[in-house]
>>> print(open('query_10.cif').read())   # mmCIF, N, CA and C atoms
data_final
#
loop_
_atom_site.label_atom_id
_atom_site.label_comp_id
_atom_site.auth_asym_id
_atom_site.auth_seq_id
_atom_site.Cartn_x
_atom_site.Cartn_y
_atom_site.Cartn_z
N MET A 19 -5.64 5.50 -7.06
CA MET A 19 -4.58 6.38 -6.62
C MET A 19 -3.39 6.19 -7.54
N GLY A 20 -2.82 7.25 -8.04
CA GLY A 20 -1.66 7.18 -8.92
C GLY A 20 -0.38 7.44 -8.15
N ALA A 21 0.67 7.64 -8.89
CA ALA A 21 1.95 7.98 -8.27
C ALA A 21 1.82 9.36 -7.62
N PRO A 22 2.58 9.59 -6.54
CA PRO A 22 2.54 10.91 -5.91
C PRO A 22 2.91 11.99 -6.92
N GLU A 23 2.40 13.19 -6.69
CA GLU A 23 2.64 14.30 -7.61
C GLU A 23 4.15 14.45 -7.86
N GLY A 24 4.51 14.59 -9.12
CA GLY A 24 5.91 14.76 -9.47
C GLY A 24 6.64 13.46 -9.74
N GLN A 25 6.03 12.32 -9.47
CA GLN A 25 6.67 11.03 -9.75
C GLN A 25 5.95 10.34 -10.88
N LYS A 26 6.73 9.72 -11.73
CA LYS A 26 6.15 8.94 -12.81
C LYS A 26 5.88 7.54 -12.31
N ARG A 27 4.93 6.85 -12.92
CA ARG A 27 4.55 5.51 -12.51
C ARG A 27 5.75 4.56 -12.48
N ARG A 28 6.68 4.70 -13.43
CA ARG A 28 7.82 3.78 -13.48
C ARG A 28 8.82 4.04 -12.35
N GLU A 29 8.69 5.13 -11.63
CA GLU A 29 9.59 5.44 -10.53
C GLU A 29 9.11 4.87 -9.20
N VAL A 30 7.98 4.19 -9.22
CA VAL A 30 7.46 3.60 -7.99
C VAL A 30 7.04 2.15 -8.23
N LEU A 31 7.08 1.38 -7.18
CA LEU A 31 6.59 0.01 -7.18
C LEU A 31 5.22 0.05 -6.52
N THR A 32 4.24 -0.61 -7.12
CA THR A 32 2.90 -0.65 -6.54
C THR A 32 2.66 -2.03 -5.95
N ILE A 33 2.25 -2.06 -4.69
CA ILE A 33 1.93 -3.30 -3.99
C ILE A 33 0.46 -3.26 -3.63
N GLN A 34 -0.26 -4.32 -3.91
CA GLN A 34 -1.67 -4.39 -3.55
C GLN A 34 -1.78 -4.75 -2.06
N ALA A 35 -2.58 -3.98 -1.34
CA ALA A 35 -2.75 -4.16 0.10
C ALA A 35 -4.24 -4.24 0.43
N VAL A 36 -4.53 -4.74 1.61
CA VAL A 36 -5.92 -4.73 2.06
C VAL A 36 -6.21 -3.35 2.64
N GLU A 37 -7.36 -2.80 2.29
CA GLU A 37 -7.81 -1.54 2.88
C GLU A 37 -8.58 -1.94 4.13
N PRO A 38 -8.10 -1.59 5.33
CA PRO A 38 -8.66 -2.14 6.56
C PRO A 38 -10.10 -1.77 6.88
N VAL A 39 -10.60 -0.67 6.37
CA VAL A 39 -11.96 -0.26 6.67
C VAL A 39 -12.96 -0.98 5.78
N THR A 40 -12.65 -1.08 4.49
CA THR A 40 -13.59 -1.67 3.54
C THR A 40 -13.31 -3.15 3.25
N GLY A 41 -12.06 -3.59 3.50
CA GLY A 41 -11.68 -4.95 3.17
C GLY A 41 -11.33 -5.13 1.70
N LYS A 42 -11.43 -4.07 0.93
CA LYS A 42 -11.10 -4.13 -0.49
C LYS A 42 -9.58 -3.99 -0.67
N VAL A 43 -9.15 -4.10 -1.92
CA VAL A 43 -7.74 -3.97 -2.24
C VAL A 43 -7.43 -2.51 -2.57
N CYS A 44 -6.28 -2.03 -2.12
CA CYS A 44 -5.84 -0.67 -2.43
C CYS A 44 -4.35 -0.70 -2.76
N PRO A 45 -3.90 0.24 -3.59
CA PRO A 45 -2.47 0.27 -3.94
C PRO A 45 -1.64 0.99 -2.89
N ILE A 46 -0.49 0.45 -2.59
CA ILE A 46 0.50 1.09 -1.74
C ILE A 46 1.76 1.24 -2.59
N LEU A 47 2.37 2.39 -2.55
CA LEU A 47 3.52 2.68 -3.40
C LEU A 47 4.82 2.65 -2.60
N VAL A 48 5.89 2.19 -3.28
CA VAL A 48 7.24 2.23 -2.73
C VAL A 48 8.12 2.85 -3.79
N SER A 49 8.89 3.83 -3.43
CA SER A 49 9.78 4.50 -4.37
C SER A 49 10.95 3.60 -4.75
N PHE A 50 11.31 3.59 -6.03
CA PHE A 50 12.48 2.83 -6.47
C PHE A 50 13.75 3.42 -5.84
N ASP A 51 13.76 4.72 -5.58
CA ASP A 51 14.90 5.33 -4.90
C ASP A 51 15.08 4.71 -3.52
N ARG A 52 13.97 4.45 -2.85
CA ARG A 52 14.03 3.81 -1.52
C ARG A 52 14.61 2.40 -1.63
N ILE A 53 14.19 1.65 -2.63
CA ILE A 53 14.69 0.28 -2.82
C ILE A 53 16.19 0.32 -3.13
N GLN A 54 16.61 1.23 -3.99
CA GLN A 54 18.03 1.35 -4.31
C GLN A 54 18.83 1.76 -3.08
N TRP A 55 18.28 2.63 -2.27
CA TRP A 55 18.95 3.03 -1.03
C TRP A 55 19.12 1.83 -0.11
N LEU A 56 18.08 0.98 -0.02
CA LEU A 56 18.14 -0.21 0.84
C LEU A 56 19.23 -1.18 0.40
N ALA A 57 19.52 -1.22 -0.88
CA ALA A 57 20.50 -2.18 -1.41
C ALA A 57 21.88 -2.00 -0.78
N GLN A 58 22.20 -0.81 -0.31
CA GLN A 58 23.50 -0.60 0.33
C GLN A 58 23.64 -1.40 1.63
N PHE A 59 22.53 -1.84 2.19
CA PHE A 59 22.55 -2.62 3.43
C PHE A 59 22.53 -4.12 3.16
N GLY A 60 22.57 -4.51 1.90
CA GLY A 60 22.60 -5.92 1.54
C GLY A 60 21.33 -6.34 0.82
N SER A 61 21.45 -7.45 0.10
CA SER A 61 20.31 -7.93 -0.68
C SER A 61 19.15 -8.38 0.21
N GLY A 62 19.41 -8.69 1.46
CA GLY A 62 18.34 -9.08 2.37
C GLY A 62 17.30 -7.99 2.55
N ARG A 63 17.73 -6.74 2.59
CA ARG A 63 16.78 -5.62 2.75
C ARG A 63 15.91 -5.45 1.50
N VAL A 64 16.49 -5.69 0.32
CA VAL A 64 15.72 -5.60 -0.92
C VAL A 64 14.71 -6.75 -0.99
N LEU A 65 15.14 -7.96 -0.59
CA LEU A 65 14.23 -9.10 -0.58
C LEU A 65 13.11 -8.91 0.45
N GLU A 66 13.42 -8.25 1.54
CA GLU A 66 12.42 -7.90 2.54
C GLU A 66 11.32 -7.06 1.89
N CYS A 67 11.72 -6.09 1.08
CA CYS A 67 10.76 -5.24 0.38
C CYS A 67 9.97 -6.05 -0.65
N LYS A 68 10.63 -6.97 -1.31
CA LYS A 68 9.98 -7.76 -2.36
C LYS A 68 8.99 -8.78 -1.80
N TYR A 69 9.31 -9.40 -0.69
CA TYR A 69 8.48 -10.50 -0.17
C TYR A 69 7.74 -10.20 1.14
N ILE A 70 8.44 -9.62 2.11
CA ILE A 70 7.84 -9.45 3.44
C ILE A 70 6.86 -8.28 3.48
N VAL A 71 7.25 -7.14 2.90
CA VAL A 71 6.35 -5.97 2.90
C VAL A 71 5.02 -6.32 2.24
N PRO A 72 5.02 -6.94 1.02
CA PRO A 72 3.71 -7.29 0.43
C PRO A 72 2.92 -8.30 1.26
N GLU A 73 3.60 -9.26 1.89
CA GLU A 73 2.89 -10.25 2.71
C GLU A 73 2.16 -9.58 3.86
N VAL A 74 2.81 -8.64 4.52
CA VAL A 74 2.18 -7.95 5.65
C VAL A 74 1.07 -7.01 5.18
N LEU A 75 1.28 -6.34 4.04
CA LEU A 75 0.24 -5.44 3.52
C LEU A 75 -1.00 -6.20 3.06
N ARG A 76 -0.82 -7.40 2.57
CA ARG A 76 -1.96 -8.20 2.08
C ARG A 76 -2.68 -8.97 3.17
N ARG A 77 -1.94 -9.40 4.20
CA ARG A 77 -2.53 -10.20 5.27
C ARG A 77 -2.07 -9.72 6.64
N PRO A 78 -2.44 -8.49 7.00
CA PRO A 78 -2.00 -7.97 8.30
C PRO A 78 -2.76 -8.61 9.45
N LYS A 79 -2.09 -8.71 10.57
CA LYS A 79 -2.75 -9.15 11.80
C LYS A 79 -3.56 -7.97 12.36
N ALA A 80 -3.01 -6.77 12.17
CA ALA A 80 -3.68 -5.55 12.64
C ALA A 80 -3.23 -4.37 11.78
N VAL A 81 -4.09 -3.36 11.71
CA VAL A 81 -3.74 -2.10 11.06
C VAL A 81 -4.15 -1.00 12.03
N PHE A 82 -3.20 -0.15 12.34
CA PHE A 82 -3.44 0.97 13.23
C PHE A 82 -3.39 2.26 12.43
N GLN A 83 -4.14 3.25 12.91
CA GLN A 83 -4.12 4.57 12.28
C GLN A 83 -3.82 5.60 13.34
N GLY A 84 -3.03 6.59 12.95
CA GLY A 84 -2.68 7.65 13.88
C GLY A 84 -1.48 7.27 14.70
N LEU A 85 -0.33 7.77 14.33
CA LEU A 85 0.91 7.44 15.01
C LEU A 85 1.17 8.44 16.13
N CYS A 86 1.45 7.93 17.30
CA CYS A 86 1.69 8.80 18.45
C CYS A 86 3.17 9.01 18.72
N SER A 87 4.00 8.15 18.21
CA SER A 87 5.43 8.20 18.50
C SER A 87 6.17 9.00 17.45
N GLU A 88 7.03 9.89 17.88
CA GLU A 88 7.83 10.67 16.94
C GLU A 88 8.76 9.78 16.13
N ALA A 89 9.15 8.65 16.66
CA ALA A 89 10.01 7.72 15.93
C ALA A 89 9.29 7.13 14.72
N ASP A 90 7.96 7.12 14.76
CA ASP A 90 7.17 6.51 13.69
C ASP A 90 6.65 7.52 12.67
N GLU A 91 6.78 8.78 12.93
CA GLU A 91 6.22 9.79 12.02
C GLU A 91 7.16 10.98 11.91
N GLU A 92 6.85 11.84 10.97
CA GLU A 92 7.62 13.07 10.80
C GLU A 92 6.75 14.28 11.10
N LYS A 93 7.27 15.20 11.88
CA LYS A 93 6.66 16.52 12.11
C LYS A 93 5.21 16.46 12.60
N GLY A 94 4.83 15.47 13.39
CA GLY A 94 3.51 15.43 13.98
C GLY A 94 2.36 15.29 13.03
N ARG A 95 2.61 14.79 11.80
CA ARG A 95 1.55 14.73 10.80
C ARG A 95 0.87 13.36 10.76
N GLY A 96 1.07 12.51 11.72
CA GLY A 96 0.71 11.13 11.55
C GLY A 96 -0.70 10.67 11.83
N TYR A 97 -1.69 11.55 11.98
CA TYR A 97 -3.01 11.01 12.33
C TYR A 97 -3.58 10.11 11.25
N GLY A 98 -3.50 10.47 10.02
CA GLY A 98 -4.05 9.63 8.96
C GLY A 98 -3.12 8.54 8.51
N TRP A 99 -1.94 8.53 9.05
CA TRP A 99 -0.95 7.53 8.64
C TRP A 99 -1.25 6.21 9.30
N ARG A 100 -0.85 5.14 8.62
CA ARG A 100 -1.19 3.80 9.10
C ARG A 100 0.04 2.95 9.35
N CYS A 101 -0.14 1.99 10.22
CA CYS A 101 0.89 1.00 10.49
C CYS A 101 0.25 -0.38 10.30
N TYR A 102 0.73 -1.10 9.30
CA TYR A 102 0.31 -2.50 9.07
C TYR A 102 1.27 -3.38 9.86
N CYS A 103 0.71 -4.34 10.55
CA CYS A 103 1.53 -5.18 11.40
C CYS A 103 1.21 -6.64 11.16
N GLY A 104 2.25 -7.45 11.10
CA GLY A 104 2.02 -8.87 10.84
C GLY A 104 3.21 -9.72 11.23
N SER A 105 2.99 -11.01 11.10
CA SER A 105 4.01 -12.02 11.39
C SER A 105 4.31 -12.76 10.10
N PRO A 106 5.30 -12.30 9.35
CA PRO A 106 5.60 -12.92 8.06
C PRO A 106 6.10 -14.35 8.20
N SER A 107 6.05 -15.07 7.10
CA SER A 107 6.43 -16.48 7.08
C SER A 107 7.93 -16.68 7.00
N ARG A 108 8.70 -15.60 6.78
CA ARG A 108 10.15 -15.73 6.63
C ARG A 108 10.85 -14.41 6.90
N ASP A 109 12.16 -14.50 6.92
CA ASP A 109 13.02 -13.33 7.07
C ASP A 109 14.20 -13.54 6.12
N PHE A 110 15.04 -12.54 5.97
CA PHE A 110 16.22 -12.65 5.12
C PHE A 110 17.44 -12.11 5.86
N ALA A 111 18.54 -12.86 5.78
CA ALA A 111 19.82 -12.40 6.31
C ALA A 111 20.33 -11.28 5.41
N PRO A 112 21.28 -10.47 5.87
CA PRO A 112 21.80 -9.39 5.04
C PRO A 112 22.32 -9.86 3.66
N ASP A 113 22.83 -11.08 3.58
CA ASP A 113 23.33 -11.59 2.30
C ASP A 113 22.23 -12.14 1.39
N GLY A 114 20.98 -12.09 1.85
CA GLY A 114 19.85 -12.55 1.05
C GLY A 114 19.41 -13.98 1.34
N THR A 115 20.11 -14.67 2.21
CA THR A 115 19.73 -16.03 2.57
C THR A 115 18.40 -16.01 3.30
N GLU A 116 17.47 -16.85 2.84
CA GLU A 116 16.18 -16.94 3.52
C GLU A 116 16.35 -17.68 4.84
N ARG A 117 15.63 -17.22 5.85
CA ARG A 117 15.68 -17.84 7.17
C ARG A 117 14.30 -17.74 7.81
N PRO A 118 14.08 -18.46 8.90
CA PRO A 118 12.78 -18.39 9.57
C PRO A 118 12.51 -16.98 10.11
N PRO A 119 11.24 -16.65 10.34
CA PRO A 119 10.93 -15.32 10.90
C PRO A 119 11.60 -15.15 12.26
N ARG A 120 11.81 -13.94 12.64
CA ARG A 120 12.48 -13.64 13.91
C ARG A 120 11.56 -13.98 15.09
N PRO A 121 12.08 -14.70 16.07
CA PRO A 121 11.25 -15.02 17.24
C PRO A 121 10.94 -13.78 18.07
N ASN A 122 9.74 -13.75 18.61
CA ASN A 122 9.29 -12.65 19.48
C ASN A 122 9.35 -11.29 18.80
N LYS A 123 9.16 -11.28 17.47
CA LYS A 123 9.17 -10.04 16.72
C LYS A 123 7.98 -10.00 15.78
N VAL A 124 7.55 -8.80 15.44
CA VAL A 124 6.53 -8.57 14.42
C VAL A 124 7.13 -7.62 13.39
N PHE A 125 6.52 -7.61 12.23
CA PHE A 125 7.01 -6.75 11.15
C PHE A 125 6.01 -5.63 10.95
N LEU A 126 6.49 -4.39 10.93
CA LEU A 126 5.64 -3.22 10.78
C LEU A 126 5.94 -2.52 9.46
N VAL A 127 4.88 -2.11 8.76
CA VAL A 127 5.01 -1.33 7.54
C VAL A 127 4.25 -0.03 7.76
N PHE A 128 4.95 1.09 7.66
CA PHE A 128 4.36 2.40 7.87
C PHE A 128 3.99 3.02 6.53
N VAL A 129 2.74 3.48 6.43
CA VAL A 129 2.19 4.02 5.17
C VAL A 129 1.64 5.42 5.46
N ASN A 130 2.07 6.39 4.64
CA ASN A 130 1.59 7.75 4.88
C ASN A 130 0.22 7.98 4.26
N SER A 131 -0.31 9.18 4.43
CA SER A 131 -1.66 9.49 3.95
C SER A 131 -1.77 9.51 2.43
N GLU A 132 -0.64 9.51 1.73
CA GLU A 132 -0.65 9.46 0.27
C GLU A 132 -0.54 8.02 -0.24
N GLY A 133 -0.54 7.05 0.67
CA GLY A 133 -0.46 5.65 0.26
C GLY A 133 0.94 5.20 -0.11
N VAL A 134 1.95 5.83 0.49
CA VAL A 134 3.34 5.47 0.23
C VAL A 134 3.92 4.78 1.46
N ALA A 135 4.46 3.56 1.27
CA ALA A 135 5.16 2.87 2.35
C ALA A 135 6.53 3.52 2.49
N TYR A 136 6.74 4.21 3.58
CA TYR A 136 7.97 4.99 3.75
C TYR A 136 8.95 4.36 4.71
N ASN A 137 8.51 3.35 5.46
CA ASN A 137 9.41 2.68 6.40
C ASN A 137 8.83 1.33 6.76
N TRP A 138 9.70 0.39 7.09
CA TRP A 138 9.29 -0.93 7.57
C TRP A 138 10.42 -1.52 8.37
N ARG A 139 10.06 -2.35 9.34
CA ARG A 139 11.08 -2.95 10.20
C ARG A 139 10.49 -4.02 11.11
N TRP A 140 11.39 -4.84 11.65
CA TRP A 140 11.04 -5.82 12.68
C TRP A 140 11.09 -5.11 14.03
N GLU A 141 10.12 -5.43 14.89
CA GLU A 141 10.12 -4.88 16.25
C GLU A 141 9.69 -5.96 17.23
N LYS A 142 10.01 -5.73 18.46
CA LYS A 142 9.65 -6.66 19.54
C LYS A 142 8.13 -6.75 19.63
N SER A 143 7.65 -7.97 19.82
CA SER A 143 6.19 -8.17 19.93
C SER A 143 5.73 -7.96 21.36
N ASP A 144 4.45 -7.67 21.50
CA ASP A 144 3.83 -7.48 22.80
C ASP A 144 3.81 -8.81 23.56
N ARG A 145 4.11 -8.79 24.82
CA ARG A 145 4.16 -10.06 25.56
C ARG A 145 2.78 -10.69 25.77
N ASN A 146 1.71 -9.87 25.68
CA ASN A 146 0.36 -10.41 25.83
C ASN A 146 -0.29 -10.82 24.51
N ASP A 147 0.23 -10.29 23.40
CA ASP A 147 -0.27 -10.66 22.07
C ASP A 147 0.91 -10.62 21.11
N SER A 148 1.47 -11.78 20.83
CA SER A 148 2.71 -11.86 20.05
C SER A 148 2.55 -11.39 18.61
N GLY A 149 1.32 -11.16 18.14
CA GLY A 149 1.11 -10.67 16.79
C GLY A 149 1.06 -9.17 16.68
N LEU A 150 1.25 -8.46 17.81
CA LEU A 150 1.19 -7.00 17.83
C LEU A 150 2.49 -6.43 18.40
N PRO A 151 2.84 -5.20 18.04
CA PRO A 151 4.08 -4.62 18.56
C PRO A 151 3.95 -4.21 20.02
N GLU A 152 5.06 -4.25 20.69
CA GLU A 152 5.12 -3.83 22.09
C GLU A 152 4.61 -2.40 22.22
N GLY A 153 3.75 -2.17 23.21
CA GLY A 153 3.23 -0.84 23.48
C GLY A 153 2.18 -0.34 22.50
N TYR A 154 1.57 -1.24 21.74
CA TYR A 154 0.61 -0.81 20.71
C TYR A 154 -0.56 0.00 21.30
N CYS A 155 -0.93 -0.24 22.53
CA CYS A 155 -2.08 0.46 23.13
C CYS A 155 -1.87 1.97 23.23
N THR A 156 -0.64 2.40 23.46
CA THR A 156 -0.36 3.83 23.61
C THR A 156 0.38 4.41 22.40
N ARG A 157 0.80 3.57 21.51
CA ARG A 157 1.61 4.01 20.37
C ARG A 157 0.78 4.52 19.20
N PHE A 158 -0.48 4.05 19.12
CA PHE A 158 -1.34 4.40 17.99
C PHE A 158 -2.65 4.98 18.51
N LYS A 159 -3.27 5.82 17.69
CA LYS A 159 -4.52 6.46 18.12
C LYS A 159 -5.73 5.55 17.99
N GLU A 160 -5.78 4.70 16.95
CA GLU A 160 -6.90 3.78 16.83
C GLU A 160 -6.51 2.54 16.03
N ARG A 161 -7.24 1.46 16.31
CA ARG A 161 -7.03 0.22 15.58
C ARG A 161 -8.16 0.06 14.57
N LEU A 162 -7.78 -0.11 13.29
CA LEU A 162 -8.77 -0.26 12.23
C LEU A 162 -9.08 -1.72 11.92
N LEU A 163 -8.14 -2.59 12.18
CA LEU A 163 -8.29 -4.02 11.90
C LEU A 163 -7.61 -4.82 12.98
#
>>> encode(input="query_10.cif", output="structure tokens")
Amino acid sequence: MGAPEGQKRREVLTIQAVEPVTGKVCPILVSFDRIQWLAQFGSGRVLECKYIVPEVLRRPKAVFQGLCSEADEEKGRGYGWRCYCGSPSRDFAPDGTERPPRPNKVFLVFVNSEGVAYNWRWEKSDRNDSGLPEGYCTRFKERLL
């Protein structure tokens, strides 16, 4: 998979991720514009992209396909879209200081059908399975991993 149509390879960051169906490696893209936009919120958000996003994409606890929540997708197009979920080994303060991972939280990386990571964030974990997001049973259409 190359850069999305209209984007040059140098305009995107490629992160190697696990493909949940085959177990092989697949590329996930992040736009440099997205990274630059994140910088306005502090270096912690950029470090999150550099360290936490790849960690979750490479070693997810679960991967879901088909987003049911409008907060997770745009314009109802989310069936083929995926959510990688994991418990990273660290977190970053807004100033970039490394700190322990957030208690009772999981990290989610949302990837569209073109293989572009378009959003990621910490969310409250499920009380019955701390490695999964709250409400995962009704939030996603199927679990791939």
>>> resolve_selection(input="query_10.cif", expression="the PyMOL selection byres ((chain A and resi 60-62) around 6)", output="ChimeraX atom specification")
/A:56-59,63-66,110-115
>>> atom_distance(input="query_10.cif", atom1="CA of Tyr102 in chain A", atom2="atom C of Tyr154 in chain A")
12.5 Å
>>> residues_near_point(input="query_10.cif", point="(-11.4, -0.8, 10.1)", cutoff="7 Å", atoms="all atoms listed in the file", output="list in words")
Glu37, Pro38, Val39, Thr40, Arg161, Leu162 and Leu163 of chain A
>>> resolve_selection(input="query_10.cif", expression="the PyMOL selection byres ((chain A and resi 79-85) around 6)", output="count of residues only")
21
>>> closest_residue(input="query_10.cif", among="A:Ser148, A:Phe128, A:Gln34, A:Lys123", to="Leu75 in chain A", atoms="all atoms listed in the file")
A:Gln34
>>> resolve_selection(input="query_10.cif", expression="the PyMOL selection byres ((chain A and resi 48-50) around 8)", output="PyMOL selection string")
chain A and resi 28-33+45-47+51-56+133-136
>>> build_atoms(input="query_10.cif", residues="range 79-88 of chain A", atoms="all heavy atoms", output="compact mmCIF listing (two decimals), keeping the file's coordinate frame")
# COMPACT_ATOMS: atom_id res chain seq x y z
N LYS A 79 -2.09 -8.71 10.57
CA LYS A 79 -2.75 -9.15 11.80
C LYS A 79 -3.56 -7.97 12.36
O LYS A 79 -4.61 -8.14 12.94
CB LYS A 79 -1.68 -9.61 12.80
CG LYS A 79 -2.08 -9.59 14.24
CD LYS A 79 -2.61 -10.88 14.71
CE LYS A 79 -2.97 -10.75 16.18
NZ LYS A 79 -3.34 -11.88 16.85
N ALA A 80 -3.01 -6.77 12.17
CA ALA A 80 -3.68 -5.55 12.64
C ALA A 80 -3.23 -4.37 11.78
O ALA A 80 -2.15 -4.40 11.20
CB ALA A 80 -3.32 -5.26 14.10
N VAL A 81 -4.09 -3.36 11.71
CA VAL A 81 -3.74 -2.10 11.06
C VAL A 81 -4.15 -1.00 12.03
O VAL A 81 -5.30 -0.95 12.48
CB VAL A 81 -4.45 -1.91 9.70
CG1 VAL A 81 -4.07 -0.57 9.10
CG2 VAL A 81 -4.12 -3.06 8.75
N PHE A 82 -3.20 -0.15 12.34
CA PHE A 82 -3.44 0.97 13.23
C PHE A 82 -3.39 2.26 12.43
O PHE A 82 -2.70 2.35 11.42
CB PHE A 82 -2.37 1.02 14.32
CG PHE A 82 -2.37 -0.20 15.21
CD1 PHE A 82 -1.51 -1.26 14.96
CD2 PHE A 82 -3.24 -0.29 16.28
CE1 PHE A 82 -1.50 -2.38 15.76
CE2 PHE A 82 -3.24 -1.42 17.10
CZ PHE A 82 -2.37 -2.46 16.83
N GLN A 83 -4.14 3.25 12.91
CA GLN A 83 -4.12 4.57 12.28
C GLN A 83 -3.82 5.60 13.34
O GLN A 83 -4.32 5.52 14.45
CB GLN A 83 -5.48 4.87 11.64
CG GLN A 83 -5.49 6.23 10.93
CD GLN A 83 -6.63 6.36 9.97
OE1 GLN A 83 -6.66 5.70 8.96
NE2 GLN A 83 -7.59 7.20 10.32
N GLY A 84 -3.03 6.59 12.95
CA GLY A 84 -2.68 7.65 13.88
C GLY A 84 -1.48 7.27 14.70
O GLY A 84 -1.59 6.50 15.64
N LEU A 85 -0.33 7.77 14.33
CA LEU A 85 0.91 7.44 15.01
C LEU A 85 1.17 8.44 16.13
O LEU A 85 1.10 9.64 15.92
CB LEU A 85 2.07 7.45 14.02
CG LEU A 85 1.86 6.62 12.74
CD1 LEU A 85 3.06 6.76 11.82
CD2 LEU A 85 1.59 5.18 13.07
N CYS A 86 1.45 7.93 17.30
CA CYS A 86 1.69 8.80 18.45
C CYS A 86 3.17 9.01 18.72
O CYS A 86 3.54 9.96 19.40
CB CYS A 86 1.05 8.21 19.70
SG CYS A 86 -0.74 8.08 19.61
N SER A 87 4.00 8.15 18.21
CA SER A 87 5.43 8.20 18.50
C SER A 87 6.17 9.00 17.45
O SER A 87 5.98 8.78 16.25
CB SER A 87 5.99 6.78 18.55
OG SER A 87 7.39 6.79 18.58
N GLU A 88 7.03 9.89 17.88
CA GLU A 88 7.83 10.67 16.94
C GLU A 88 8.76 9.78 16.13
O GLU A 88 9.13 10.11 15.02
CB GLU A 88 8.62 11.73 17.67
CG GLU A 88 7.76 12.87 18.16
CD GLU A 88 8.58 13.96 18.82
OE1 GLU A 88 9.76 14.11 18.48
OE2 GLU A 88 8.02 14.64 19.69
